[in-house]
Amino acid sequence: MTDAPAASQVRKIRMRPRLAQLMAEKSGGMYVAEALKRADATLETLREPSLTGIDELIVALDALLAAEAEPAARIEGLYQLAANIVGLCGAERNVAVQVAARSLCELLDEADGLSPSILAGVKVHIASIKLLHRAADNPALQGPILQGLASVLEKRRAESKAQG
């Protein structure tokens, strides 16, 4: 007879996932679903103050557009107000206002001055932001507006290329 070594048994050890270990060690740990629910509740409490902030920024955009300030200062002020709108857009229920405000920032960033075509583009952007702000998420309404803003920006870029 041969002396063959006895077959060893395979022993399975189930490792507890690291995340589960961390949650067990830390008091106050929570599941992702609970964390998302709490984040939504917190965002909901911040929604109205943020929307009111956007309302105020839109009024400030209109006022600065009508002001008789130096063109460079007006461009900088309009840009800053539009950037502030982008910062508050998390409260909107859609991304259309953010897209419109970013488009306005791009238009102002690329502007050499406040020519009549730039002023017309700024007015179109502000009017679009007003239409989109607090509106329901409606792609049928938002799509043509955002496409129009993109075409205003592209037209301005084509004019700039032709001049320079």
# chains A, B, ... in the order shown; residues from 1 in each chain; ligands from 1
>>> residues_around(residues="Leu104 in chain A", least_positions_apart="3", cutoff="7 Å", atoms="only C-alpha atoms", output="mmCIF file with N, CA, C and O atoms, in the first residue's frame")
data_model
loop_
_atom_site.group_PDB
_atom_site.id
_atom_site.type_symbol
_atom_site.label_atom_id
_atom_site.label_comp_id
_atom_site.auth_asym_id
_atom_site.auth_seq_id
_atom_site.Cartn_x
_atom_site.Cartn_y
_atom_site.Cartn_z
ATOM 1 N N ALA A 82 -23.930 86.432 -13.546
ATOM 2 C CA ALA A 82 -24.259 85.174 -14.235
ATOM 3 C C ALA A 82 -23.554 83.992 -13.570
ATOM 4 O O ALA A 82 -24.149 82.922 -13.407
ATOM 5 N N ALA A 100 -28.016 78.174 -19.529
ATOM 6 C CA ALA A 100 -28.201 79.535 -20.047
ATOM 7 C C ALA A 100 -27.249 80.515 -19.372
ATOM 8 O O ALA A 100 -26.653 81.374 -20.038
ATOM 9 N N ALA A 101 -27.078 80.397 -18.063
ATOM 10 C CA ALA A 101 -26.175 81.298 -17.341
ATOM 11 C C ALA A 101 -24.716 81.052 -17.753
ATOM 12 O O ALA A 101 -23.940 82.003 -17.909
ATOM 13 N N LEU A 107 -20.369 84.173 -23.445
ATOM 14 C CA LEU A 107 -20.553 85.330 -24.316
ATOM 15 C C LEU A 107 -19.792 86.536 -23.771
ATOM 16 O O LEU A 107 -19.068 87.220 -24.507
ATOM 17 N N LEU A 108 -19.923 86.796 -22.482
ATOM 18 C CA LEU A 108 -19.250 87.946 -21.868
ATOM 19 C C LEU A 108 -17.745 87.741 -21.795
ATOM 20 O O LEU A 108 -16.977 88.692 -21.953
ATOM 21 N N VAL A 122 -26.683 89.595 -24.832
ATOM 22 C CA VAL A 122 -26.861 89.608 -23.375
ATOM 23 C C VAL A 122 -28.346 89.690 -23.037
ATOM 24 O O VAL A 122 -28.846 88.979 -22.167
ATOM 25 N N HIS A 125 -30.008 86.385 -23.583
ATOM 26 C CA HIS A 125 -29.652 85.438 -22.528
ATOM 27 C C HIS A 125 -30.436 85.734 -21.244
ATOM 28 O O HIS A 125 -30.952 84.815 -20.600
#
>>> select_by_dssp(residues="range 17-152 of chain A", states="alpha helix (DSSP H)", output="number ranges by chain")
A: 18-25, 32-66, 71-88, 96-109, 116-132, 139-152
>>> closest_atom_pairs(of="range 20-136 of chain A", to="range 160-164 of chain A", cutoff="12 Å", atoms="only C-alpha atoms", output="CSV")
residue,atom,partner,partner_atom,distance
A:Leu107,CA,A:Ser160,CA,11.2
A:Glu110,CA,A:Ser160,CA,8.8
A:Ala111,CA,A:Ser160,CA,8.7
A:Asp112,CA,A:Ser160,CA,9.1
A:Gly113,CA,A:Ser160,CA,11.5
A:Ser115,CA,A:Ser160,CA,11.5
A:Ser117,CA,A:Ser160,CA,10.8
A:Ile118,CA,A:Ser160,CA,10.8
>>> closest_residue(among="A:Val59, A:Leu114, A:Leu43, A:Val97", to="Ile75 in chain A", atoms="only C-alpha atoms")
A:Leu114
>>> atom_distance(atom1="CA of Ala83 in chain A", atom2="CA of Leu46 in chain A")
18.8 Å
>>> closest_residue(among="A:Glu159, A:Glu56, A:Glu44, A:Glu68", to="Glu92 in chain A", atoms="only C-alpha atoms")
A:Glu44
>>> residues_around(residues="Ile85 in chain A", least_positions_apart="2", cutoff="12 Å", atoms="only C-alpha atoms", output="VMD selection string")
chain A and resid 50 to 61 78 to 83 87 to 92 95 to 105 126 129 to 130 133
>>> closest_residue(among="A:Ser128, A:Arg14, A:Glu34, A:Leu119", to="Leu141 in chain A", atoms="only C-alpha atoms")
A:Ser128
